[in-house]
file run-v4.txt (compact mmCIF, C-alpha atoms)
# COMPACT_ATOMS: atom_id res chain seq x y z
CA MET A 49 -16.16 5.04 -0.93
CA ILE A 50 -17.35 8.34 -2.38
CA GLN A 51 -18.02 8.63 -6.13
CA LEU A 52 -15.89 11.47 -7.52
CA THR A 53 -16.96 13.70 -10.41
CA GLU A 54 -14.80 13.93 -13.55
CA GLU A 55 -13.57 17.38 -12.47
CA GLN A 56 -12.62 16.07 -9.02
CA LYS A 57 -10.76 13.15 -10.60
CA LYS A 58 -8.83 15.62 -12.76
CA ILE A 59 -7.67 17.42 -9.61
CA ILE A 60 -6.71 14.22 -7.80
CA ASN A 61 -4.87 12.81 -10.83
CA SER A 62 -2.89 15.98 -11.53
CA PRO A 63 0.86 15.32 -11.22
CA ALA A 64 1.59 18.93 -10.15
CA ARG A 65 3.65 19.25 -6.98
CA VAL A 66 1.52 22.21 -5.85
CA LYS A 67 -2.24 22.02 -6.38
CA LEU A 68 -4.40 25.07 -5.75
CA VAL A 69 -8.13 24.45 -5.55
CA MET A 70 -10.40 27.46 -5.35
CA GLY A 71 -13.92 26.36 -4.55
CA GLY A 72 -17.29 27.93 -3.86
CA MET A 73 -19.25 27.41 -0.67
CA ARG A 74 -20.50 23.83 -0.29
CA SER A 75 -18.53 22.71 -3.36
CA GLY A 76 -17.03 19.77 -1.46
CA LYS A 77 -13.58 21.28 -0.81
CA THR A 78 -12.93 19.38 2.44
CA THR A 79 -14.07 16.05 1.00
CA LEU A 80 -11.91 16.60 -2.08
CA ALA A 81 -8.94 17.69 0.06
CA ILE A 82 -9.12 14.45 2.06
CA MET A 83 -9.53 12.25 -1.02
CA ASN A 84 -6.66 14.05 -2.79
CA MET A 85 -4.38 13.51 0.22
CA TRP A 86 -5.36 9.84 0.48
CA GLU A 87 -4.77 9.16 -3.24
CA GLU A 88 -1.32 10.76 -3.00
CA MET A 89 -0.48 8.52 -0.04
CA LYS A 90 -1.64 5.47 -1.99
CA ARG A 91 0.52 6.49 -4.96
CA GLN A 92 3.59 6.78 -2.72
CA ASN A 93 2.74 3.50 -0.91
CA ASN A 94 5.28 4.12 1.85
CA PRO A 95 4.45 3.33 5.50
CA ASN A 96 6.84 6.13 6.58
CA PHE A 97 5.10 8.79 4.44
CA LYS A 98 3.96 11.80 6.53
CA SER A 99 0.81 13.66 5.55
CA TYR A 100 -0.29 16.78 7.39
CA PHE A 101 -3.84 18.08 7.13
CA LEU A 102 -3.65 21.68 8.33
CA VAL A 103 -6.81 23.52 9.44
CA LYS A 104 -7.37 26.87 11.14
CA SER A 105 -8.92 25.87 14.47
CA ASP A 106 -10.00 23.03 16.75
CA PRO A 107 -13.60 22.91 15.42
CA TYR A 108 -12.21 22.46 11.89
CA ALA A 109 -9.85 19.76 13.20
CA ARG A 110 -12.77 17.87 14.75
CA ASN A 111 -14.69 18.14 11.47
CA ALA A 112 -11.68 16.84 9.49
CA TYR A 113 -11.32 14.00 12.00
CA ARG A 114 -14.96 12.97 11.45
CA GLU A 115 -14.71 13.30 7.67
CA ILE A 116 -11.50 11.26 7.41
CA LYS A 117 -13.08 8.53 9.49
CA ARG A 118 -16.28 8.64 7.38
CA LEU A 119 -14.63 8.84 3.94
CA LEU A 120 -11.68 6.51 4.45
CA GLY A 121 -13.04 4.22 7.13
CA ILE A 122 -9.87 4.46 9.22
CA ILE A 123 -9.76 4.75 13.00
CA PRO A 124 -7.48 7.26 14.78
CA ASP A 125 -4.61 6.00 16.95
CA SER A 126 -6.22 7.53 20.04
CA MET A 127 -9.29 9.58 20.92
CA PHE A 128 -7.06 12.43 22.13
CA ASP A 129 -4.75 12.69 19.17
CA PHE A 130 -5.89 13.46 15.61
CA SER A 131 -3.40 11.04 14.12
CA TYR A 132 -3.91 8.01 11.90
CA LYS A 133 -1.35 5.33 11.13
CA THR A 134 -2.21 3.58 7.88
CA GLN A 135 -0.50 1.16 5.53
CA TYR A 136 0.30 4.16 3.32
CA GLY A 137 1.81 6.36 6.03
CA THR A 138 0.63 8.67 8.80
CA ILE A 139 -2.02 11.40 8.65
CA ASN A 140 -1.81 14.15 11.26
CA ILE A 141 -4.54 16.80 11.59
CA LEU A 142 -2.95 20.01 12.85
CA THR A 143 -3.96 23.59 13.65
CA ASN A 144 -0.40 24.90 13.54
CA LEU A 145 2.72 24.02 11.64
CA ALA A 146 5.07 22.90 14.38
CA GLU A 147 7.58 21.17 12.11
CA THR A 148 8.60 21.12 8.48
CA ASN A 149 9.43 17.42 8.22
CA TYR A 150 6.49 16.26 6.10
CA ASP A 151 6.12 14.66 2.68
CA ASN A 152 2.64 15.95 1.90
CA ILE A 153 0.64 18.85 3.28
CA THR A 154 -2.96 19.75 2.64
CA ILE A 155 -4.32 23.08 3.85
CA ASP A 156 -8.10 23.27 4.11
CA ASN A 157 -9.65 26.76 4.38
CA ALA A 158 -6.46 28.10 2.81
CA SER A 159 -8.02 31.55 2.42
CA SER A 160 -7.55 32.08 6.15
CA ASN A 161 -4.32 30.22 6.86
CA LYS A 162 -1.16 32.09 7.85
CA TYR A 163 1.22 29.22 7.10
CA ILE A 164 0.97 29.31 3.30
CA PRO A 165 4.28 31.19 2.73
CA ASP A 166 6.13 28.73 5.03
CA VAL A 167 4.54 25.71 3.35
CA LEU A 168 5.38 26.91 -0.16
CA ASN A 169 9.05 27.16 0.82
CA ASN A 170 9.21 23.38 1.35
CA HIS A 171 10.38 22.46 -2.14
CA LYS A 172 10.27 18.70 -1.60
CA ALA A 173 6.75 18.22 -0.27
CA LYS A 174 3.56 17.70 -2.26
CA ILE A 175 1.32 20.66 -1.39
CA SER A 176 -2.44 21.10 -1.86
CA LEU A 177 -4.27 24.27 -0.88
CA PHE A 178 -8.08 24.34 -0.78
CA GLY A 179 -9.96 27.60 -0.17
CA HIS A 180 -12.60 30.02 -1.39
CA CYS A 181 -11.83 33.08 -3.48
CA PRO A 182 -10.73 35.85 -1.08
CA ASP A 183 -11.79 39.46 -1.61
CA ASN A 184 -8.53 40.78 -0.17
CA LYS A 185 -5.78 40.96 -2.77
CA GLU A 186 -3.14 40.88 -0.02
CA ASN A 187 -4.38 37.43 1.09
CA ALA A 188 -1.63 34.76 0.72
CA PHE A 189 -3.99 32.30 -0.99
CA PHE A 190 -5.19 35.01 -3.39
CA LYS A 191 -1.58 35.89 -4.27
CA VAL A 192 -0.49 32.32 -4.95
CA CYS A 193 -3.61 31.64 -7.05
CA TYR A 194 -3.05 34.84 -9.01
CA ASP A 195 0.59 33.90 -9.61
CA ALA A 196 -0.59 30.50 -10.86
CA ILE A 197 -2.93 32.22 -13.32
CA LYS A 198 -0.02 34.34 -14.58
CA LYS A 199 2.04 31.11 -14.90
CA THR A 200 4.87 32.47 -12.74
CA LEU A 201 4.97 29.38 -10.50
CA ASP A 202 6.67 26.14 -11.53
CA ASP A 203 5.03 22.73 -11.11
CA THR A 204 1.77 24.34 -9.95
CA GLU A 205 -1.77 23.84 -11.19
CA LEU A 206 -4.84 25.92 -10.34
CA PHE A 207 -8.36 24.46 -10.33
CA ARG A 208 -11.72 26.12 -9.75
CA ILE A 209 -14.82 24.29 -8.56
CA GLU A 210 -18.24 25.88 -8.16
CA SER A 211 -20.77 25.11 -5.47
CA TRP A 212 -22.83 23.38 -8.10
CA ASP A 213 -19.96 21.01 -8.97
CA ASN A 214 -21.01 19.17 -5.83
CA PRO A 215 -23.62 16.60 -7.02
CA GLN A 216 -25.52 16.88 -3.72
CA MET A 217 -26.18 20.55 -4.45
CA ASN A 218 -27.69 20.07 -7.92
CA VAL A 219 -31.15 19.27 -6.59
CA LYS A 220 -31.26 22.61 -4.77
CA ARG A 221 -29.62 24.69 -7.46
CA ASP A 222 -32.72 26.04 -9.16
CA LEU A 223 -34.37 26.80 -5.84
CA TRP A 224 -31.44 28.71 -4.38
CA GLU A 225 -29.56 30.43 -7.16
CA ALA A 226 -31.82 33.42 -7.82
CA GLU A 227 -32.42 33.96 -4.11
CA LEU A 228 -28.70 33.80 -3.34
CA LYS A 229 -27.80 36.39 -5.98
CA GLU A 230 -30.44 38.74 -4.65
CA LYS A 231 -29.37 38.33 -1.01
CA MET A 232 -25.62 38.33 -1.53
CA GLY A 233 -25.18 40.74 -4.40
CA ASP A 234 -23.35 39.89 -7.60
CA ALA A 235 -19.83 40.40 -6.25
CA ARG A 236 -20.15 38.19 -3.19
CA TYR A 237 -22.14 35.57 -5.09
CA SER A 238 -19.42 35.35 -7.75
CA ARG A 239 -16.67 35.07 -5.17
CA ASP A 240 -18.27 32.80 -2.58
CA TYR A 241 -20.40 30.53 -4.77
CA LEU A 242 -18.80 30.58 -8.18
CA ALA A 243 -15.23 30.91 -6.83
CA LYS A 244 -14.33 33.55 -9.39
CA PHE A 245 -11.92 36.44 -9.08
CA ILE A 246 -13.74 39.76 -9.23
CA ASP A 247 -12.38 43.20 -10.07
call {"tool": "encode", "arguments": {"input": "run-v4.txt", "output": "structure tokens"}}
result
Amino acid sequence: MIQLTEEQKKIINSPARVKLVMGGMRSGKTTLAIMNMWEEMKRQNNPNFKSYFLVKSDPYARNAYREIKRLLGIIPDSMFDFSYKTQYGTINILTNLAETNYDNITIDNASSNKYIPDVLNNHKAKISLFGHCPDNKENAFFKVCYDAIKKTLDDTELFRIESWDNPQMNVKRDLWEAELKEKMGDARYSRDYLAKFID
């Protein structure tokens, strides 16, 4: 089992119904999204609990499938269906939101997911959105994160994790940071690597 950082534990242990996690590139968003979903399932401890892991495309679904298998050590029900039955409920990896009958939904790459408004309207489900900081202020993930900052959303908590919050990145930090700033420019570096809103 993966060793979580204190900041990651804070996110997983948050009781908020809606968790928003804005993370920099290579900050471990997908790993954290999976672990957060799994811990919520364990807390509920209900074999009928339905967890959806929503991603934007088939390549992302295949990556999530591999990561869930690697992190949790569980085997899918079939090779052709990204579905896992566990003692804590069912995990389904989806690329579209075909139904609204779920107890928990995690959206990975939330910055580019069109289902966020629909998901937020499900007032019973536990919801976790993981994405990078978008540069488009009309982006649904940007809007919901901004509303969370302004404290206009109930039972919602916003977290920010940097690329360097990922322990595997720390070794490379000093080697990459100056070069990244120079190549990317301050604005993109702040948004993509530090996961910070920029004016």
call {"tool": "residues_near_point", "arguments": {"input": "run-v4.txt", "point": "(-11.5, 10.2, 4.5)", "cutoff": "8 Å", "atoms": "all atoms listed in the file", "output": "count of residues only"}}
result
12
call {"tool": "closest_atom_pairs", "arguments": {"input": "run-v4.txt", "of": "region 103-222 of chain A", "to": "region 70-78 of chain A", "cutoff": "12 Å", "atoms": "all atoms listed in the file", "output": "Markdown table"}}
result
| residue | atom | partner | partner_atom | distance |
| --- | --- | --- | --- | --- |
| A:Val103 | CA | A:Thr78 | CA | 10.2 |
| A:Tyr108 | CA | A:Thr78 | CA | 10.0 |
| A:Ala109 | CA | A:Thr78 | CA | 11.2 |
| A:Asn111 | CA | A:Thr78 | CA | 9.3 |
| A:Ala112 | CA | A:Thr78 | CA | 7.6 |
| A:Tyr113 | CA | A:Thr78 | CA | 11.1 |
| A:Arg114 | CA | A:Thr78 | CA | 11.2 |
| A:Glu115 | CA | A:Thr78 | CA | 8.2 |
| A:Ile116 | CA | A:Thr78 | CA | 9.6 |
| A:Leu119 | CA | A:Thr78 | CA | 10.8 |
| A:Thr154 | CA | A:Thr78 | CA | 10.0 |
| A:Ile155 | CA | A:Thr78 | CA | 9.5 |
| A:Asp156 | CA | A:Thr78 | CA | 6.4 |
| A:Asn157 | CA | A:Thr78 | CA | 8.3 |
| A:Ala158 | CA | A:Met70 | CA | 9.1 |
| A:Ser159 | CA | A:Met70 | CA | 9.1 |
| A:Ser176 | CA | A:Met70 | CA | 10.8 |
| A:Leu177 | CA | A:Met70 | CA | 8.2 |
| A:Phe178 | CA | A:Met70 | CA | 6.0 |
| A:Gly179 | CA | A:Met70 | CA | 5.2 |
| A:His180 | CA | A:Gly71 | CA | 5.0 |
| A:Cys181 | CA | A:Met70 | CA | 6.1 |
| A:Pro182 | CA | A:Met70 | CA | 9.4 |
| A:Phe189 | CA | A:Met70 | CA | 9.1 |
| A:Phe190 | CA | A:Met70 | CA | 9.4 |
| A:Val192 | CA | A:Met70 | CA | 11.0 |
| A:Cys193 | CA | A:Met70 | CA | 8.2 |
| A:Tyr194 | CA | A:Met70 | CA | 11.0 |
| A:Ala196 | CA | A:Met70 | CA | 11.7 |
| A:Ile197 | CA | A:Met70 | CA | 11.9 |
| A:Glu205 | CA | A:Met70 | CA | 11.0 |
| A:Leu206 | CA | A:Met70 | CA | 7.6 |
| A:Phe207 | CA | A:Met70 | CA | 6.2 |
| A:Arg208 | CA | A:Met70 | CA | 4.8 |
| A:Ile209 | CA | A:Gly71 | CA | 4.6 |
| A:Glu210 | CA | A:Gly72 | CA | 4.9 |
| A:Ser211 | CA | A:Ser75 | CA | 3.9 |
| A:Trp212 | CA | A:Ser75 | CA | 6.4 |
| A:Asp213 | CA | A:Ser75 | CA | 6.0 |
| A:Asn214 | CA | A:Ser75 | CA | 5.0 |
| A:Pro215 | CA | A:Ser75 | CA | 8.8 |
| A:Gln216 | CA | A:Ser75 | CA | 9.1 |
| A:Met217 | CA | A:Arg74 | CA | 7.8 |
| A:Asn218 | CA | A:Ser75 | CA | 10.6 |
| A:Lys220 | CA | A:Arg74 | CA | 11.7 |
| A:Arg221 | CA | A:Arg74 | CA | 11.6 |
call {"tool": "closest_residue", "arguments": {"input": "run-v4.txt", "among": "A:Lys198, A:Lys104, A:Lys174, A:Lys191", "to": "Ser62 (chain A)", "atoms": "only C-alpha atoms"}}
result
A:Lys174
call {"tool": "residues_around", "arguments": {"input": "run-v4.txt", "residues": "Asn152 (chain A)", "least_positions_apart": "4", "cutoff": "7 Å", "atoms": "all atoms listed in the file", "output": "VMD selection string"}}
result
chain A and resid 98 to 100 173 to 175
call {"tool": "write_last_selection", "arguments": {"input": "run-v4.txt", "atoms": "C-alpha atoms", "output": "PDB file, keeping the file's coordinate frame"}}
result
ATOM      1  CA  LYS A  98       3.960  11.800   6.530  1.00  0.00           C
ATOM      2  CA  SER A  99       0.810  13.660   5.550  1.00  0.00           C
ATOM      3  CA  TYR A 100      -0.290  16.780   7.390  1.00  0.00           C
ATOM      4  CA  ALA A 173       6.750  18.220  -0.270  1.00  0.00           C
ATOM      5  CA  LYS A 174       3.560  17.700  -2.260  1.00  0.00           C
ATOM      6  CA  ILE A 175       1.320  20.660  -1.390  1.00  0.00           C
TER       7      ILE A 175
END
call {"tool": "atom_distance", "arguments": {"input": "run-v4.txt", "atom1": "CA of Leu102 (chain A)", "atom2": "CA of Ile141 (chain A)"}}
result
5.9 Å
